[in-house]
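Pasting upload.cif here (mmCIF, C-alpha atoms and all ligand atoms):
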```
data_protein
#
loop_
_atom_site.label_atom_id
_atom_site.label_comp_id
_atom_site.auth_asym_id
_atom_site.auth_seq_id
_atom_site.Cartn_x
_atom_site.Cartn_y
_atom_site.Cartn_z
CA MET A 211 0.00 0.00 0.00
CA GLN A 212 1.32 3.41 -0.97
CA THR A 213 0.31 6.82 0.34
CA PHE A 214 -0.83 9.59 -2.00
CA VAL A 215 -1.94 13.19 -1.46
CA VAL A 216 -4.64 14.52 -3.80
CA THR A 217 -5.88 18.11 -3.76
CA GLY A 218 -9.34 18.95 -5.07
CA SER A 219 -10.38 15.55 -3.74
CA ALA A 220 -13.99 16.52 -2.97
CA SER A 221 -15.16 16.81 -6.57
CA GLY A 222 -14.68 15.90 -10.19
CA ILE A 223 -11.28 14.64 -11.33
CA GLY A 224 -9.66 14.84 -7.88
CA ALA A 225 -12.47 12.74 -6.40
CA ALA A 226 -12.21 10.21 -9.24
CA THR A 227 -8.43 9.99 -8.77
CA LYS A 228 -8.82 9.47 -5.02
CA ALA A 229 -11.43 6.75 -5.59
CA ARG A 230 -9.28 5.02 -8.20
CA LEU A 231 -6.18 5.01 -5.98
CA GLU A 232 -8.20 3.75 -3.01
CA SER A 233 -9.77 0.96 -5.07
CA ASP A 234 -6.22 -0.03 -6.06
CA GLY A 235 -5.52 -0.49 -2.32
CA HIS A 236 -3.67 2.73 -1.55
CA ARG A 237 -4.08 5.28 1.20
CA VAL A 238 -5.11 8.74 -0.01
CA LEU A 239 -5.09 11.97 1.95
CA GLY A 240 -7.52 14.30 0.23
CA ILE A 241 -7.23 18.06 0.56
CA ASP A 242 -10.08 20.43 -0.30
CA LEU A 243 -12.10 23.34 1.01
CA ASN A 244 -14.68 20.95 2.50
CA ASN A 245 -15.43 17.22 2.69
CA ALA A 246 -11.78 16.20 2.80
CA ASP A 247 -9.29 14.50 5.12
CA ILE A 248 -7.53 17.86 5.34
CA THR A 249 -9.56 21.03 4.82
CA ALA A 250 -7.58 24.03 3.62
CA ASP A 251 -7.94 27.02 1.32
CA LEU A 252 -5.05 26.56 -1.10
CA GLY A 253 -5.62 30.08 -2.40
CA THR A 254 -3.89 31.43 0.72
CA LEU A 255 -0.34 31.08 1.99
CA SER A 256 -1.58 30.12 5.47
CA GLY A 257 -3.90 27.48 3.99
CA ARG A 258 -1.07 25.94 1.97
CA GLN A 259 1.27 25.92 4.95
CA ALA A 260 -1.42 24.34 7.16
CA ALA A 261 -2.10 21.67 4.51
CA VAL A 262 1.59 20.76 4.22
CA ALA A 263 1.90 20.57 8.01
CA ALA A 264 -1.25 18.45 8.28
CA VAL A 265 0.10 15.97 5.72
CA GLY A 266 3.37 15.77 7.65
CA ASP A 267 1.44 15.02 10.84
CA ARG A 268 -0.49 12.17 9.23
CA VAL A 269 2.26 10.26 7.42
CA ASP A 270 5.35 8.42 8.52
CA GLY A 271 8.05 10.58 6.92
CA SER A 272 7.23 9.97 3.26
CA ILE A 273 4.53 10.07 0.59
CA ASP A 274 4.62 8.15 -2.68
CA GLY A 275 2.79 10.63 -4.84
CA PHE A 276 1.14 14.04 -5.07
CA VAL A 277 -1.71 15.09 -7.37
CA ALA A 278 -2.55 18.80 -7.61
CA ALA A 279 -6.10 18.63 -8.97
CA ALA A 280 -7.62 21.57 -7.05
CA GLY A 281 -8.49 24.36 -9.43
CA VAL A 282 -11.06 26.94 -10.45
CA SER A 283 -12.22 28.36 -13.76
CA SER A 284 -14.00 31.56 -14.66
CA ALA A 285 -16.97 32.08 -12.36
CA PRO A 286 -18.95 34.99 -10.91
CA GLY A 287 -16.87 36.70 -8.21
CA MET A 288 -13.64 34.97 -9.21
CA THR A 289 -10.86 37.52 -9.67
CA PRO A 290 -7.83 36.79 -11.86
CA HIS A 291 -5.61 37.21 -8.79
CA ARG A 292 -7.51 34.60 -6.76
CA MET A 293 -7.57 32.24 -9.74
CA LEU A 294 -3.77 32.37 -9.97
CA ALA A 295 -3.50 31.94 -6.20
CA ILE A 296 -5.49 28.69 -6.33
CA ASN A 297 -4.54 27.24 -9.71
CA TYR A 298 -0.82 27.97 -9.84
CA PHE A 299 0.48 28.92 -6.39
CA GLY A 300 -1.86 26.51 -4.60
CA ALA A 301 -0.40 23.67 -6.67
CA VAL A 302 3.27 24.63 -6.83
CA GLU A 303 3.67 25.74 -3.22
CA LEU A 304 2.09 22.53 -2.03
CA LEU A 305 4.37 20.49 -4.27
CA GLU A 306 7.40 22.38 -2.97
CA GLY A 307 6.24 21.98 0.62
CA LEU A 308 5.69 18.24 0.18
CA ARG A 309 8.91 17.72 -1.75
CA PRO A 310 10.93 16.41 1.24
CA LEU A 311 8.22 13.82 1.96
CA LEU A 312 8.22 12.78 -1.70
CA ALA A 313 12.01 12.59 -1.85
CA ALA A 314 11.94 10.15 1.09
CA ALA A 315 9.82 7.59 -0.86
CA PRO A 316 11.34 4.86 -3.05
CA LEU A 317 9.71 5.78 -6.40
CA PRO A 318 7.87 9.08 -5.96
CA ALA A 319 5.88 10.96 -8.60
CA ALA A 320 3.89 14.18 -8.81
CA VAL A 321 1.23 15.27 -11.29
CA LEU A 322 0.22 18.88 -11.95
CA PHE A 323 -2.99 19.87 -13.72
CA SER A 324 -2.56 21.90 -16.87
CA SER A 325 -5.37 22.15 -19.48
CA ASN A 326 -5.76 22.06 -23.23
CA SER A 327 -7.05 25.62 -23.00
CA THR A 328 -3.31 26.43 -23.14
CA THR A 329 -3.13 25.37 -26.79
CA CYS A 330 -6.75 25.51 -27.93
CA GLN A 331 -7.64 28.97 -26.56
CA SER A 332 -6.05 32.08 -28.07
CA ASN A 333 -5.30 35.50 -26.63
CA TRP A 334 -4.09 34.64 -23.16
CA HIS A 335 -1.15 36.56 -21.76
CA THR A 336 2.17 34.75 -21.69
CA GLU A 337 3.44 37.49 -19.35
CA VAL A 338 1.05 36.27 -16.67
CA ALA A 339 2.36 32.72 -16.98
CA GLU A 340 5.92 34.02 -16.85
CA ALA A 341 5.11 36.08 -13.76
CA CYS A 342 3.82 32.94 -12.05
CA LEU A 343 7.02 31.07 -12.84
CA ALA A 344 9.03 33.98 -11.42
CA GLY A 345 7.38 33.07 -8.12
CA ASP A 346 6.08 36.46 -6.94
CA GLU A 347 2.41 35.80 -6.21
CA GLU A 348 1.49 39.42 -5.52
CA ALA A 349 3.16 40.66 -8.72
CA ALA A 350 1.60 37.91 -10.84
CA GLY A 351 -1.83 38.57 -9.35
CA ALA A 352 -1.57 42.32 -9.87
CA LEU A 353 -0.49 41.80 -13.49
CA ALA A 354 -3.43 39.46 -14.10
CA ASP A 355 -5.92 41.83 -12.45
CA ALA A 356 -4.60 44.74 -14.54
CA ASN A 357 -4.56 43.00 -17.91
CA GLU A 358 -7.27 40.38 -17.95
CA THR A 359 -11.02 40.22 -18.11
CA PRO A 360 -12.59 40.60 -14.65
CA ARG A 361 -13.88 37.03 -14.77
CA GLY A 362 -10.44 35.60 -15.53
CA THR A 363 -11.28 33.89 -18.81
CA GLN A 364 -7.76 34.73 -20.05
CA THR A 365 -6.11 34.05 -16.69
CA TYR A 366 -7.26 30.42 -16.63
CA PRO A 367 -5.14 29.27 -19.61
CA ALA A 368 -2.24 31.43 -18.38
CA SER A 369 -2.34 29.71 -14.99
CA LYS A 370 -2.48 26.30 -16.66
CA ALA A 371 0.35 27.13 -19.06
CA ALA A 372 2.47 28.14 -16.07
CA LEU A 373 1.85 24.70 -14.55
CA ALA A 374 2.87 22.97 -17.80
CA TYR A 375 5.99 25.15 -18.01
CA TYR A 376 6.78 24.37 -14.36
CA ALA A 377 6.48 20.62 -14.95
CA ARG A 378 8.68 20.80 -18.05
CA THR A 379 11.35 23.20 -16.82
CA ARG A 380 11.68 21.89 -13.26
CA SER A 381 11.41 18.15 -13.91
CA ALA A 382 15.20 17.69 -14.23
CA GLU A 383 15.67 19.27 -10.83
CA TYR A 384 12.95 17.10 -9.27
CA ILE A 385 14.31 13.88 -10.74
CA SER A 386 17.64 14.67 -9.13
CA ASP A 387 15.71 13.93 -5.91
CA GLY A 388 14.16 10.86 -7.56
CA ILE A 389 10.77 12.56 -8.03
CA ARG A 390 9.11 12.18 -11.44
CA LEU A 391 7.22 15.37 -12.25
CA ASN A 392 4.65 15.42 -15.08
CA ALA A 393 1.39 17.16 -15.93
CA VAL A 394 -1.93 16.23 -17.48
CA ALA A 395 -3.76 18.59 -19.80
CA PRO A 396 -7.44 17.65 -19.82
CA GLY A 397 -9.88 18.94 -22.40
CA VAL A 398 -13.54 19.38 -21.56
CA ILE A 399 -14.27 16.83 -18.86
CA ASP A 400 -17.78 16.29 -17.53
CA THR A 401 -17.43 17.58 -13.97
CA PRO A 402 -19.09 20.32 -11.89
CA MET A 403 -16.49 22.74 -13.31
CA SER A 404 -17.41 22.24 -16.96
CA ARG A 405 -21.13 21.95 -16.16
CA ALA A 406 -20.93 25.37 -14.51
CA ALA A 407 -19.20 26.78 -17.60
CA SER A 408 -21.98 25.37 -19.81
CA ALA A 409 -24.63 26.96 -17.56
CA ASP A 410 -22.94 30.37 -17.23
CA PRO A 411 -24.23 32.93 -19.76
CA VAL A 412 -20.73 34.45 -20.05
CA THR A 413 -19.06 31.17 -21.06
CA ALA A 414 -21.92 28.91 -22.25
CA ALA A 415 -21.73 29.64 -25.98
CA ALA A 416 -17.95 29.26 -26.21
CA THR A 417 -18.05 26.08 -24.12
CA GLU A 418 -20.77 24.46 -26.21
CA LYS A 419 -19.02 25.45 -29.46
CA TYR A 420 -15.82 23.96 -28.13
CA ILE A 421 -17.51 20.70 -27.10
CA ALA A 422 -19.12 20.39 -30.55
CA ALA A 423 -15.65 20.51 -32.15
CA ILE A 424 -14.04 17.74 -30.04
CA PRO A 425 -12.86 15.01 -32.44
CA SER A 426 -14.17 12.25 -30.17
CA ALA A 427 -17.57 14.01 -30.26
CA ARG A 428 -18.04 14.03 -26.50
CA ALA A 429 -16.67 15.46 -23.29
CA GLY A 430 -14.35 13.20 -21.32
CA THR A 431 -15.10 11.62 -17.97
CA ALA A 432 -13.31 12.22 -14.70
CA ASP A 433 -12.41 8.51 -14.63
CA GLU A 434 -10.64 8.83 -17.99
CA VAL A 435 -8.41 11.56 -16.57
CA ALA A 436 -7.90 9.60 -13.33
CA SER A 437 -6.57 6.71 -15.45
CA ALA A 438 -3.95 8.99 -16.99
CA VAL A 439 -3.02 10.38 -13.57
CA THR A 440 -2.61 6.93 -12.01
CA PHE A 441 -0.47 5.90 -15.00
CA LEU A 442 1.80 8.91 -14.37
CA LEU A 443 1.98 8.06 -10.65
CA GLY A 444 2.66 4.39 -11.09
CA PRO A 445 5.27 1.82 -12.07
CA ASP A 446 4.32 1.80 -15.78
CA SER A 447 5.66 5.32 -16.36
CA THR A 448 9.06 5.23 -14.68
CA TYR A 449 10.81 6.85 -17.69
CA VAL A 450 8.13 9.52 -18.26
CA ILE A 451 9.49 12.78 -16.89
CA GLY A 452 8.61 16.39 -17.70
CA SER A 453 5.76 15.39 -20.01
CA VAL A 454 2.42 17.11 -20.47
CA LEU A 455 -0.10 14.40 -21.30
CA PHE A 456 -3.15 15.67 -23.18
CA VAL A 457 -6.36 13.84 -22.25
CA ASP A 458 -8.75 15.74 -24.46
CA GLY A 459 -10.48 13.57 -27.05
CA GLY A 460 -8.09 14.77 -29.75
CA SER A 461 -8.71 18.53 -29.52
CA ASP A 462 -5.09 19.60 -29.09
CA ALA A 463 -3.93 17.40 -31.97
CA ALA A 464 -6.69 18.81 -34.18
CA ALA A 465 -5.88 22.40 -33.22
CA ARG A 466 -2.10 22.22 -33.52
CA GLY A 467 -1.50 19.57 -36.14
CA MET A 468 2.16 19.77 -37.11
CA ASP A 469 2.94 22.83 -34.95
CA TRP A 470 4.47 20.37 -32.53
CA PRO A 471 6.89 18.62 -32.39
CA ALA A 472 8.97 21.47 -33.75
CA ARG A 473 12.63 21.35 -34.65
CA LYS A 474 14.91 22.87 -32.03
CA VAL A 475 16.03 26.36 -33.11
N1 LIG B 501 -13.35 19.79 -16.05
C1 LIG B 501 -12.65 20.21 -17.09
O1 LIG B 501 -13.18 20.36 -18.19
C2 LIG B 501 -11.17 20.53 -16.93
C3 LIG B 501 -10.44 20.78 -18.10
C4 LIG B 501 -9.08 21.06 -17.99
C5 LIG B 501 -8.48 21.11 -16.75
N2 LIG B 501 -9.23 20.88 -15.64
C6 LIG B 501 -8.56 20.96 -14.35
O2 LIG B 501 -8.75 19.75 -13.65
C7 LIG B 501 -8.72 20.01 -12.26
C8 LIG B 501 -9.95 19.39 -11.61
O3 LIG B 501 -11.09 20.05 -12.15
P1 LIG B 501 -12.56 19.44 -12.02
O4 LIG B 501 -13.16 19.54 -13.34
O5 LIG B 501 -12.52 18.16 -11.29
O6 LIG B 501 -13.22 20.59 -11.13
P2 LIG B 501 -14.21 20.53 -9.87
O7 LIG B 501 -14.75 21.90 -9.74
O8 LIG B 501 -15.15 19.39 -10.01
O9 LIG B 501 -13.20 20.21 -8.66
C9 LIG B 501 -12.25 21.13 -8.25
C10 LIG B 501 -12.01 20.95 -6.76
O10 LIG B 501 -11.03 21.92 -6.36
C11 LIG B 501 -11.43 22.42 -5.10
N3 LIG B 501 -10.91 23.75 -4.84
C12 LIG B 501 -11.24 24.91 -5.47
N4 LIG B 501 -10.66 25.96 -4.85
C13 LIG B 501 -9.94 25.45 -3.83
C14 LIG B 501 -9.14 26.04 -2.82
N5 LIG B 501 -8.98 27.38 -2.76
N6 LIG B 501 -8.55 25.25 -1.92
C15 LIG B 501 -8.74 23.89 -1.95
N7 LIG B 501 -9.50 23.28 -2.89
C16 LIG B 501 -10.10 24.05 -3.81
C17 LIG B 501 -12.94 22.48 -5.20
O11 LIG B 501 -13.56 22.59 -3.91
C18 LIG B 501 -13.28 21.19 -5.92
O12 LIG B 501 -13.49 20.13 -5.02
C19 LIG B 501 -8.66 21.53 -12.10
O13 LIG B 501 -7.32 21.92 -11.85
C20 LIG B 501 -9.11 22.03 -13.45
O14 LIG B 501 -8.59 23.31 -13.75
C21 LIG B 501 -10.56 20.59 -15.70
#
```
Structure encoded using structure tokens:
Amino acid sequence: MQTFVVTGSASGIGAATKARLESDGHRVLGIDLNNADITADLGTLSGRQAAVAAVGDRVDGSIDGFVAAAGVSSAPGMTPHRMLAINYFGAVELLEGLRPLLAAAPLPAAVLFSSNSTTCQSNWHTEVAEACLAGDEEAAGALADANETPRGTQTYPASKAALAYYARTRSAEYISDGIRLNAVAPGVIDTPMSRAASADPVTAAATEKYIAAIPSARAGTADEVASAVTFLLGPDSTYVIGSVLFVDGGSDAAARGMDWPARKV
């Protein structure tokens, strides 16, 4: 039996991942705002620190894997700053806080949650993603608030691109501690998050148009993403490092075609 930590465990993909790991016989510590083993607001520094401390109190010096599924999309009342705080800093600061526990396990792995909005949605600000990677939460949040739509429709892909960039650019450093770091990039997955987007007058039309164009002609399921996550956590992916695995019914491939792979310049 291994021990895993999953954020966003109360709903959608995080809940499906927790259930899948538990049915495989593992112990899972779920972290979420409510209905979790550890309740914490990952949009705040104090919440992240409390969550890391709570994990440390509940395990015996190591964890085998970490899944950062907690996230938010555009919604009424959601500011770009808060979105970055949850999506990017809530994932990366938890990963960095849990890194010593991961490094103490025999074959540890971590999975961040990107999104195919990074490649299928245009007009998001690369500067916001770069500001996240620079690590100054206040500066990144202020930049997002100043430059983005109030609802954060452009901040969401920027936050998810930053997570993909983090997984790719930091994976060599993590593997030096034995930790495999990868990301998944889901497309439209049938969860409360995407159902809210379909019901929201601000995002409904774009969401439905997007779903209609998915090559597999349907939204994905949370279980289908959980399968990819458990693959990236487990013994069948020991040489997969720094990858961003698209789980999106073919949308990214259809949108980018031969844009990638691209020859090194
Ligand atoms: N559903 C999709 O279409 C889709 C597509 C691409 C990427 N994703 C990403 O997948 C991940 C899971 O999304 P989902 O569809 O399961 O969404 P969801 O809304 O069903 O679940 C997200 C969970 O994150 C938790 N959360 C939100 N803010 C938090 C905070 N401040 N502190 C702690 N927990 C918090 C929520 O309470 C919820 O339980 C997210 O990172 C999302 O951005 C989803």
Q: Report as an MDAnalysis selection string which protein, DNA and RNA residues come within 8 Å of ligand LIG 501 (chain B), using all atoms listed in the file.
A: chainID A and resid 217:225 241:244 249:254 257 278:283 295:297 300 323:327 366 370 395:404 429:430 432
Q: Could you jot down the CA of Ala314 in chain A to CA of Val450 in chain A separation for me, Å, one decimal place?
A: 19.7 Å
(Q) Please list as a ChimeraX atom specification every residue within 8 Å of range 226-232 of chain A, counting only C-alpha atoms and excluding residues in the same chain fewer than 4 positions away. (A) /A:216,219,221-222,236-238,240,432-433,435-437,439-440
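For the residues A:Ala320, A:Ala438, A:Val338, A:Ala427, ranking by smallest atom-to-atom distance to Ile451 in chain A using only C-alpha atoms places A:Ala320 first.
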**Q.** Nearest-residue call for Ala349 in chain A, choices A:Ala422, A:Leu308, A:Ala264, A:Leu294, using only C-alpha atoms
**A.** A:Leu294
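Closest approach to Met293 in chain A from the set A:Thr379, A:Thr213, A:Thr365, A:Thr328 is made by A:Thr365, with distances taken over all atoms listed in the file.
When all atoms listed in the file are used to measure the gap to Val302 in chain A, the shortest distance among A:Ala368, A:Leu317, A:Leu391, A:Ala246 belongs to A:Leu391.
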Keeping just N, CA and C atoms, export range 295-320 of chain A of this structure as a PDB file, in the first residue's frame.
```pdb
ATOM      1  N   ALA A 295      -3.867  32.390  -7.559  1.00  0.00           N
ATOM      2  CA  ALA A 295      -3.498  31.936  -6.205  1.00  0.00           C
ATOM      3  C   ALA A 295      -3.878  30.473  -5.996  1.00  0.00           C
ATOM      4  N   ILE A 296      -5.039  30.080  -6.508  1.00  0.00           N
ATOM      5  CA  ILE A 296      -5.490  28.694  -6.335  1.00  0.00           C
ATOM      6  C   ILE A 296      -4.819  27.788  -7.371  1.00  0.00           C
ATOM      7  N   ASN A 297      -4.946  28.166  -8.644  1.00  0.00           N
ATOM      8  CA  ASN A 297      -4.536  27.242  -9.709  1.00  0.00           C
ATOM      9  C   ASN A 297      -3.023  27.032  -9.754  1.00  0.00           C
ATOM     10  N   TYR A 298      -2.275  28.122  -9.700  1.00  0.00           N
ATOM     11  CA  TYR A 298      -0.822  27.971  -9.839  1.00  0.00           C
ATOM     12  C   TYR A 298      -0.133  27.872  -8.473  1.00  0.00           C
ATOM     13  N   PHE A 299      -0.288  28.904  -7.645  1.00  0.00           N
ATOM     14  CA  PHE A 299       0.481  28.925  -6.392  1.00  0.00           C
ATOM     15  C   PHE A 299      -0.024  27.857  -5.415  1.00  0.00           C
ATOM     16  N   GLY A 300      -1.321  27.560  -5.451  1.00  0.00           N
ATOM     17  CA  GLY A 300      -1.860  26.509  -4.599  1.00  0.00           C
ATOM     18  C   GLY A 300      -1.344  25.133  -4.976  1.00  0.00           C
ATOM     19  N   ALA A 301      -0.969  24.955  -6.226  1.00  0.00           N
ATOM     20  CA  ALA A 301      -0.403  23.671  -6.673  1.00  0.00           C
ATOM     21  C   ALA A 301       1.098  23.614  -6.423  1.00  0.00           C
ATOM     22  N   VAL A 302       1.800  24.655  -6.868  1.00  0.00           N
ATOM     23  CA  VAL A 302       3.268  24.629  -6.831  1.00  0.00           C
ATOM     24  C   VAL A 302       3.799  24.747  -5.398  1.00  0.00           C
ATOM     25  N   GLU A 303       3.174  25.601  -4.599  1.00  0.00           N
ATOM     26  CA  GLU A 303       3.674  25.736  -3.224  1.00  0.00           C
ATOM     27  C   GLU A 303       3.397  24.471  -2.414  1.00  0.00           C
ATOM     28  N   LEU A 304       2.315  23.788  -2.729  1.00  0.00           N
ATOM     29  CA  LEU A 304       2.086  22.531  -2.034  1.00  0.00           C
ATOM     30  C   LEU A 304       3.115  21.484  -2.463  1.00  0.00           C
ATOM     31  N   LEU A 305       3.362  21.438  -3.773  1.00  0.00           N
ATOM     32  CA  LEU A 305       4.374  20.494  -4.268  1.00  0.00           C
ATOM     33  C   LEU A 305       5.731  20.779  -3.620  1.00  0.00           C
ATOM     34  N   GLU A 306       6.089  22.056  -3.557  1.00  0.00           N
ATOM     35  CA  GLU A 306       7.396  22.381  -2.970  1.00  0.00           C
ATOM     36  C   GLU A 306       7.424  22.066  -1.476  1.00  0.00           C
ATOM     37  N   GLY A 307       6.300  22.293  -0.806  1.00  0.00           N
ATOM     38  CA  GLY A 307       6.238  21.975   0.621  1.00  0.00           C
ATOM     39  C   GLY A 307       6.295  20.481   0.897  1.00  0.00           C
ATOM     40  N   LEU A 308       5.723  19.695  -0.015  1.00  0.00           N
ATOM     41  CA  LEU A 308       5.688  18.239   0.177  1.00  0.00           C
ATOM     42  C   LEU A 308       6.914  17.555  -0.402  1.00  0.00           C
ATOM     43  N   ARG A 309       7.764  18.311  -1.060  1.00  0.00           N
ATOM     44  CA  ARG A 309       8.913  17.719  -1.754  1.00  0.00           C
ATOM     45  C   ARG A 309       9.803  16.855  -0.841  1.00  0.00           C
ATOM     46  N   PRO A 310      10.113  17.284   0.382  1.00  0.00           N
ATOM     47  CA  PRO A 310      10.933  16.407   1.237  1.00  0.00           C
ATOM     48  C   PRO A 310      10.257  15.075   1.540  1.00  0.00           C
ATOM     49  N   LEU A 311       8.934  15.080   1.706  1.00  0.00           N
ATOM     50  CA  LEU A 311       8.223  13.815   1.958  1.00  0.00           C
ATOM     51  C   LEU A 311       8.245  12.936   0.715  1.00  0.00           C
ATOM     52  N   LEU A 312       8.131  13.550  -0.461  1.00  0.00           N
ATOM     53  CA  LEU A 312       8.217  12.783  -1.705  1.00  0.00           C
ATOM     54  C   LEU A 312       9.622  12.200  -1.874  1.00  0.00           C
ATOM     55  N   ALA A 313      10.626  13.028  -1.626  1.00  0.00           N
ATOM     56  CA  ALA A 313      12.013  12.586  -1.847  1.00  0.00           C
ATOM     57  C   ALA A 313      12.375  11.417  -0.944  1.00  0.00           C
ATOM     58  N   ALA A 314      11.638  11.248   0.148  1.00  0.00           N
ATOM     59  CA  ALA A 314      11.938  10.152   1.092  1.00  0.00           C
ATOM     60  C   ALA A 314      11.306   8.827   0.670  1.00  0.00           C
ATOM     61  N   ALA A 315      10.478   8.834  -0.404  1.00  0.00           N
ATOM     62  CA  ALA A 315       9.823   7.591  -0.855  1.00  0.00           C
ATOM     63  C   ALA A 315      10.687   6.886  -1.899  1.00  0.00           C
ATOM     64  N   PRO A 316      10.470   5.584  -2.119  1.00  0.00           N
ATOM     65  CA  PRO A 316      11.335   4.856  -3.048  1.00  0.00           C
ATOM     66  C   PRO A 316      11.154   5.227  -4.521  1.00  0.00           C
ATOM     67  N   LEU A 317       9.939   5.497  -4.969  1.00  0.00           N
ATOM     68  CA  LEU A 317       9.712   5.780  -6.403  1.00  0.00           C
ATOM     69  C   LEU A 317       8.634   6.865  -6.543  1.00  0.00           C
ATOM     70  N   PRO A 318       8.930   8.072  -6.058  1.00  0.00           N
ATOM     71  CA  PRO A 318       7.873   9.077  -5.958  1.00  0.00           C
ATOM     72  C   PRO A 318       7.546   9.755  -7.294  1.00  0.00           C
ATOM     73  N   ALA A 319       6.322  10.260  -7.383  1.00  0.00           N
ATOM     74  CA  ALA A 319       5.881  10.964  -8.596  1.00  0.00           C
ATOM     75  C   ALA A 319       4.883  12.048  -8.213  1.00  0.00           C
ATOM     76  N   ALA A 320       4.855  13.098  -9.026  1.00  0.00           N
ATOM     77  CA  ALA A 320       3.889  14.177  -8.808  1.00  0.00           C
ATOM     78  C   ALA A 320       3.255  14.547 -10.140  1.00  0.00           C
TER      79      ALA A 320
END
```
